[in-house]
Amino acid sequence: MDWSSFLPLLPEIVFTLMGLLVMTLELLIRRKETIAILTIVSIGVTAYFIPQSLGRAFNGMFVSDTFSVFFKYIFFLNLLLTVLISLKYLRIERSEFGEYYSLLIFSTLGMMIMASAGDLIVLYLGLELMALSTYVLAGFVRHSVRSNEAALKYFLLGAFSSGIVLFGISLIYALTGTTLIQELPHRLTQAEPVASVVALVFLVASFGFKVALVPFHVWTPDVYEGAPTSVTSFMSVGPKAAGFAALARVFIVGLTPLAAHWQWILAILAVATMAVGNILAIQQVNIKRMLAYSSIAHAGYAVLGLVAFSPNGLSSMLNYLLIYAFMNIGAFSVVIMMRSEGVTGESLEEYKGLARRYPFVSALMLLFMFSLTGIPPTAGFIGKFFIFKALVERGLVWLAVVAVIFSVISAYFYLRVVMYMYMYEPEMEIEGLSLSPALGLAVLIAAIGVIVIGVYPEPVLTVAANAGLYLP
């Protein structure tokens with residue numbers, strides 16, 4: 001081993017050092033805005049090293065390629081927007097503690113390791129680093145019973161999920177004698193078929209928990225509703241994208257001999273996920289809980305890119321996850337804007353007549369709701385269109401039709417928010433929105449992303465196509 005072996009890990013090493021620096025300075029600096037700025041600087045410094053650190057380390061246990069780079073930039077986008085929307089929100093919730101930002105950094109670090117994991121054990125280490133940090137973040141508002149409950153539920157179910165993934169990894173190791181993902185295809189062809197399928201089921205269950213696929217989604221509504229809104233925004237994008245990064249690398253690179261099995265398993269789970277997410281979202285009157293079921297449904301759309309098992313399918317999944325980051329964080333940012341003394345911003349009733357008092361904020365929410373629905377010319381339409389296109393190209397027309405039907409169903413609960421804002425009279429007084437320059441910048445970035453990708457998607461589509469994994 002020489003120092004060149006560490007080059008692919010350079011971004012992770014730099015980010016770890018920056019996280020430790022943030023955690024240390026939090027003890028010395030009273031102004032938490034300074035800690036937030038340092039976190040943003042950490043993102044910029046680490047992002048500089050990412051494209052310069054391509055390669056494999058430790059005999060392929062850690063892989064820095066275009067696929068992982070694409071996801072790392074999604075993680076950094078998620079972290080940046082989360083930091084921006086957190087400053088004002090934490091002050092309102094009386095939870096301005098500096099360790100919040102170091103936990104965000106370490107959770108993102110775990111996601112980066114997951115995206116670059118070339119070995120199942122490395123993947124597990126990244127998953128646990130991400131999960132343990134997120135458990136604490138979910139309960140960060142210490143005086144809130146809902147936040148404490150969310151953290152406890154997430155921890156208990158997450159621990160159970162970790163046991164399942166370890167059992168699946170142990171079965172893979174028993175069958176193949178290796179945990180290196182790139183060596184699995186050759187050895188699985190010589191393994192016991194029934195035992196291989198059993199191991200596959202355990203891996204599907206564990207990854208299904210991380211990305212909130214039905215029936216492994218039960219934690220999502222309660223945790224999303226109870227966690228601080230800024231943390232809910234962070235959780236809805238970063239960990240979900242990391243789960244898809246790991247799912248794609250393990251299944252496409254490592255479990256290729258079992259593709260005939262996992263394609264059908266994922267197709268069934270995708271249909272169930274879209275059905276449960278979209279149908280149960282209809283009856284929700286809490287915006288955060290509605291967006292939680294929406295997040296479940298969008299996981300069903302994204303996994304269809306893997307079901308297609310083609311270069312276009314994989315690139316459409318990458319494109320979809322990037323678009324989802326913009327529109328989902330944008331929607332949660334508006335919810336945070338609504339948060340003030342005496343107003344939670346979570347009840348649908350609080351949005352009645354919002355357009356009469358705050359037309360610009362209402363227009364932003366309308367934009368994000370249209371994009372989540374998939375209405376052109378927003379980015380959400382581009383994301384869904386290329387997912388459906390990849391399915392049709394692979395002859396899975398029936399699956400594309402089912403996805404379109406559920407997209408139409410989703411219009412009800414997304415456009416209901418728009419109807420409340422524009423077609424109802426105000427029923428309660430909202431003295432003022434929780435506006436700040438940082439929060440405004442976050443919403444602006446999200447809105448620009450939704451509009452630009454919707455109108456001119458070619459650059460993002462090209463980058464996503466070039467970031468795909470090798471498909472046999």
# chains A, B, ... in the order shown; residues from 1 in each chain; ligands from 1

call {"tool": "residues_around", "arguments": {"residues": "Tyr456 (chain A)", "least_positions_apart": "3", "cutoff": "12 Å", "atoms": "only C-alpha atoms", "output": "PyMOL selection string"}}
result
chain A and resi 376-379+382+448-453+459-462

call {"tool": "write_last_selection", "arguments": {"atoms": "C-alpha atoms", "output": "short mmCIF file (atom, residue, chain, number, x, y, z; two decimals), in the first residue's frame"}}
result
data_model
loop_
_atom_site.label_atom_id
_atom_site.label_comp_id
_atom_site.auth_asym_id
_atom_site.auth_seq_id
_atom_site.Cartn_x
_atom_site.Cartn_y
_atom_site.Cartn_z
CA PRO A 376 -44.84 20.39 -17.88
CA PRO A 377 -42.74 22.47 -18.26
CA THR A 378 -41.40 21.72 -14.77
CA ALA A 379 -38.48 19.41 -13.98
CA ILE A 382 -38.85 15.59 -17.35
CA ILE A 448 -34.32 27.79 -10.52
CA GLY A 449 -33.44 24.08 -10.60
CA VAL A 450 -37.08 23.09 -11.18
CA ILE A 451 -37.57 25.65 -13.95
CA VAL A 452 -34.22 25.30 -15.76
CA ILE A 453 -34.24 21.50 -15.86
CA PRO A 459 -27.11 19.15 -19.81
CA VAL A 460 -28.46 17.21 -16.82
CA LEU A 461 -29.54 14.30 -19.04
CA THR A 462 -26.08 14.16 -20.62
#

call {"tool": "closest_atom_pairs", "arguments": {"of": "region 315-422 of chain A", "to": "region 227-233 of chain A", "cutoff": "8 Å", "atoms": "only C-alpha atoms", "output": "Markdown table"}}
result
| residue | atom | partner | partner_atom | distance |
| --- | --- | --- | --- | --- |
| A:Asn328 | CA | A:Ser233 | CA | 7.3 |
| A:Ile329 | CA | A:Ser233 | CA | 5.6 |
| A:Phe332 | CA | A:Ser233 | CA | 6.0 |
| A:Ser333 | CA | A:Ser230 | CA | 7.9 |
| A:Val335 | CA | A:Thr229 | CA | 7.8 |
| A:Ile336 | CA | A:Thr229 | CA | 6.8 |

call {"tool": "write_last_selection", "arguments": {"atoms": "C-alpha atoms", "output": "compact mmCIF listing (two decimals), in the first residue's frame"}}
result
# COMPACT_ATOMS: atom_id res chain seq x y z
CA ASN A 328 -38.89 18.32 -2.52
CA ILE A 329 -36.53 20.60 -0.62
CA PHE A 332 -40.28 21.87 2.60
CA SER A 333 -38.66 25.31 2.42
CA VAL A 335 -43.39 24.90 4.92
CA ILE A 336 -40.52 26.37 6.98

call {"tool": "closest_residue", "arguments": {"among": "A:Leu280, A:Leu38, A:Leu291, A:Leu203", "to": "Val165 (chain A)", "atoms": "only C-alpha atoms"}}
result
A:Leu203

call {"tool": "closest_residue", "arguments": {"among": "A:Gly440, A:Gly353, A:Gly395, A:Pro239", "to": "Tyr420 (chain A)", "atoms": "only C-alpha atoms"}}
result
A:Gly353

call {"tool": "atom_distance", "arguments": {"atom1": "CA of Gly110 (chain A)", "atom2": "CA of Ser133 (chain A)"}}
result
8.9 Å

call {"tool": "residues_around", "arguments": {"residues": "region 247-261 of chain A", "least_positions_apart": "4", "cutoff": "7 Å", "atoms": "only C-alpha atoms", "output": "list in words"}}
result
Ile181, Gln182, Leu184, Pro185, Leu188, Thr189, Phe207, Gly243, Ile265, Leu306 and Leu471 of chain A

call {"tool": "write_last_selection", "arguments": {"atoms": "C-alpha atoms", "output": "compact mmCIF listing (two decimals), in the first residue's frame"}}
result
# COMPACT_ATOMS: atom_id res chain seq x y z
CA ILE A 181 -19.24 -6.46 -5.24
CA GLN A 182 -17.33 -6.79 -8.53
CA LEU A 184 -20.01 -11.52 -6.93
CA PRO A 185 -21.37 -12.19 -10.47
CA LEU A 188 -22.99 -16.43 -7.80
CA THR A 189 -23.26 -18.44 -11.00
CA PHE A 207 -32.52 -1.42 1.00
CA GLY A 243 -30.01 4.02 -0.65
CA ILE A 265 -39.40 -8.27 -7.15
CA LEU A 306 -33.63 -0.07 -12.05
CA LEU A 471 -24.46 -2.89 -17.70

call {"tool": "select_by_dssp", "arguments": {"residues": "region 142-379 of chain A", "states": "alpha helix (DSSP H)", "output": "PyMOL selection string"}}
result
chain A and resi 145-176+184-188+193-211+219-226+229-248+259-281+287-308+311-338+354-357+359-373+379

call {"tool": "closest_residue", "arguments": {"among": "A:Lys210, A:Pro51, A:Gln190, A:Glu93", "to": "Glu128 (chain A)", "atoms": "only C-alpha atoms"}}
result
A:Lys210

call {"tool": "residues_around", "arguments": {"residues": "Ala138 (chain A)", "least_positions_apart": "4", "cutoff": "9 Å", "atoms": "only C-alpha atoms", "output": "JSON, numbers by chain"}}
result
{"A": [133, 134, 147, 148, 149, 150, 151, 152, 154, 223, 224, 226, 227, 228, 231, 232, 235]}

call {"tool": "closest_atom_pairs", "arguments": {"of": "region 81-125 of chain A", "to": "region 42-45 of chain A", "cutoff": "12 Å", "atoms": "only C-alpha atoms", "output": "JSON lines"}}
result
{"residue": "A:Leu81", "atom": "CA", "partner": "A:Ile43", "partner_atom": "CA", "distance": 11.2}
{"residue": "A:Val83", "atom": "CA", "partner": "A:Ile43", "partner_atom": "CA", "distance": 10.7}
{"residue": "A:Tyr101", "atom": "CA", "partner": "A:Ser42", "partner_atom": "CA", "distance": 10.9}
{"residue": "A:Ser102", "atom": "CA", "partner": "A:Ser42", "partner_atom": "CA", "distance": 10.6}
{"residue": "A:Leu104", "atom": "CA", "partner": "A:Ile43", "partner_atom": "CA", "distance": 11.3}
{"residue": "A:Ile105", "atom": "CA", "partner": "A:Ser42", "partner_atom": "CA", "distance": 8.8}
{"residue": "A:Phe106", "atom": "CA", "partner": "A:Ser42", "partner_atom": "CA", "distance": 11.8}
{"residue": "A:Thr108", "atom": "CA", "partner": "A:Ile43", "partner_atom": "CA", "distance": 10.2}
{"residue": "A:Leu109", "atom": "CA", "partner": "A:Ile43", "partner_atom": "CA", "distance": 10.8}

call {"tool": "atom_distance", "arguments": {"atom1": "CA of Leu399 (chain A)", "atom2": "CA of Gly168 (chain A)"}}
result
28.2 Å

call {"tool": "closest_residue", "arguments": {"among": "A:Leu304, A:Ile323, A:Leu20, A:Met338", "to": "Lys389 (chain A)", "atoms": "only C-alpha atoms"}}
result
A:Leu304

call {"tool": "atom_distance", "arguments": {"atom1": "CA of Glu350 (chain A)", "atom2": "CA of Tyr100 (chain A)"}}
result
28.5 Å

call {"tool": "decode", "arguments": {"residues": "region 268-310 of chain A", "atoms": "N, CA and C atoms", "output": "compact mmCIF listing (two decimals), in the first residue's frame"}}
result
# COMPACT_ATOMS: atom_id res chain seq x y z
N ILE A 268 -42.83 -5.39 -8.63
CA ILE A 268 -43.98 -5.55 -7.74
C ILE A 268 -43.94 -4.53 -6.61
N LEU A 269 -42.76 -4.36 -6.02
CA LEU A 269 -42.63 -3.38 -4.94
C LEU A 269 -42.87 -1.96 -5.44
N ALA A 270 -42.45 -1.67 -6.66
CA ALA A 270 -42.66 -0.34 -7.23
C ALA A 270 -44.15 -0.04 -7.38
N VAL A 271 -44.90 -1.00 -7.90
CA VAL A 271 -46.35 -0.81 -8.06
C VAL A 271 -47.01 -0.61 -6.70
N ALA A 272 -46.63 -1.46 -5.73
CA ALA A 272 -47.21 -1.33 -4.38
C ALA A 272 -46.84 0.00 -3.75
N THR A 273 -45.60 0.44 -3.98
CA THR A 273 -45.14 1.70 -3.40
C THR A 273 -45.87 2.89 -4.00
N MET A 274 -46.02 2.90 -5.31
CA MET A 274 -46.77 3.99 -5.95
C MET A 274 -48.22 4.00 -5.49
N ALA A 275 -48.81 2.82 -5.35
CA ALA A 275 -50.21 2.73 -4.94
C ALA A 275 -50.40 3.24 -3.52
N VAL A 276 -49.63 2.72 -2.59
CA VAL A 276 -49.78 3.11 -1.18
C VAL A 276 -49.43 4.58 -1.00
N GLY A 277 -48.31 5.02 -1.57
CA GLY A 277 -47.90 6.41 -1.40
C GLY A 277 -48.92 7.40 -1.92
N ASN A 278 -49.41 7.17 -3.13
CA ASN A 278 -50.34 8.13 -3.73
C ASN A 278 -51.74 8.06 -3.13
N ILE A 279 -52.22 6.86 -2.84
CA ILE A 279 -53.60 6.73 -2.33
C ILE A 279 -53.70 7.23 -0.90
N LEU A 280 -52.74 6.87 -0.04
CA LEU A 280 -52.81 7.31 1.35
C LEU A 280 -52.51 8.80 1.51
N ALA A 281 -51.79 9.37 0.55
CA ALA A 281 -51.53 10.82 0.62
C ALA A 281 -52.81 11.63 0.43
N ILE A 282 -53.80 11.04 -0.23
CA ILE A 282 -55.04 11.76 -0.52
C ILE A 282 -55.75 12.20 0.75
N GLN A 283 -55.70 11.38 1.80
CA GLN A 283 -56.49 11.67 3.00
C GLN A 283 -55.71 12.48 4.05
N GLN A 284 -54.48 12.89 3.73
CA GLN A 284 -53.67 13.60 4.72
C GLN A 284 -54.02 15.08 4.76
N VAL A 285 -54.13 15.64 5.96
CA VAL A 285 -54.39 17.06 6.14
C VAL A 285 -53.16 17.76 6.74
N ASN A 286 -52.13 16.99 7.03
CA ASN A 286 -50.86 17.54 7.51
C ASN A 286 -49.89 17.55 6.33
N ILE A 287 -49.35 18.73 6.01
CA ILE A 287 -48.50 18.86 4.82
C ILE A 287 -47.27 17.96 4.91
N LYS A 288 -46.63 17.90 6.08
CA LYS A 288 -45.43 17.07 6.21
C LYS A 288 -45.76 15.60 6.03
N ARG A 289 -46.89 15.19 6.57
CA ARG A 289 -47.29 13.78 6.42
C ARG A 289 -47.67 13.50 4.96
N MET A 290 -48.31 14.46 4.31
CA MET A 290 -48.63 14.30 2.90
C MET A 290 -47.36 14.18 2.06
N LEU A 291 -46.36 15.01 2.36
CA LEU A 291 -45.10 14.94 1.63
C LEU A 291 -44.34 13.66 1.96
N ALA A 292 -44.59 13.08 3.15
CA ALA A 292 -43.97 11.80 3.48
C ALA A 292 -44.51 10.69 2.58
N TYR A 293 -45.84 10.65 2.42
CA TYR A 293 -46.41 9.65 1.50
C TYR A 293 -46.02 9.96 0.06
N SER A 294 -45.90 11.25 -0.25
CA SER A 294 -45.41 11.63 -1.57
C SER A 294 -44.00 11.09 -1.79
N SER A 295 -43.16 11.17 -0.76
CA SER A 295 -41.79 10.66 -0.85
C SER A 295 -41.77 9.16 -1.10
N ILE A 296 -42.71 8.45 -0.46
CA ILE A 296 -42.83 7.01 -0.69
C ILE A 296 -43.18 6.74 -2.15
N ALA A 297 -44.16 7.49 -2.67
CA ALA A 297 -44.57 7.30 -4.06
C ALA A 297 -43.43 7.58 -5.02
N HIS A 298 -42.64 8.62 -4.76
CA HIS A 298 -41.54 8.97 -5.65
C HIS A 298 -40.44 7.92 -5.61
N ALA A 299 -40.28 7.24 -4.49
CA ALA A 299 -39.34 6.11 -4.45
C ALA A 299 -39.79 5.02 -5.41
N GLY A 300 -41.11 4.83 -5.51
CA GLY A 300 -41.63 3.85 -6.47
C GLY A 300 -41.33 4.22 -7.90
N TYR A 301 -41.46 5.52 -8.23
CA TYR A 301 -41.12 5.96 -9.59
C TYR A 301 -39.63 5.76 -9.87
N ALA A 302 -38.79 6.15 -8.91
CA ALA A 302 -37.33 6.07 -9.12
C ALA A 302 -36.86 4.64 -9.32
N VAL A 303 -37.44 3.70 -8.56
CA VAL A 303 -36.97 2.31 -8.66
C VAL A 303 -37.33 1.69 -10.01
N LEU A 304 -38.26 2.31 -10.73
CA LEU A 304 -38.60 1.81 -12.07
C LEU A 304 -37.41 1.92 -13.02
N GLY A 305 -36.52 2.88 -12.76
CA GLY A 305 -35.32 2.99 -13.58
C GLY A 305 -34.44 1.77 -13.45
N LEU A 306 -34.39 1.18 -12.25
CA LEU A 306 -33.63 -0.07 -12.05
C LEU A 306 -34.35 -1.24 -12.69
N VAL A 307 -35.67 -1.24 -12.60
CA VAL A 307 -36.45 -2.33 -13.18
C VAL A 307 -36.20 -2.42 -14.69
N ALA A 308 -36.04 -1.27 -15.34
CA ALA A 308 -35.78 -1.25 -16.78
C ALA A 308 -34.47 -1.96 -17.12
N PHE A 309 -33.49 -1.91 -16.21
CA PHE A 309 -32.20 -2.61 -16.36
C PHE A 309 -31.57 -2.31 -17.72
N SER A 310 -31.41 -1.02 -17.99
CA SER A 310 -30.82 -0.56 -19.24
C SER A 310 -30.06 0.73 -18.95
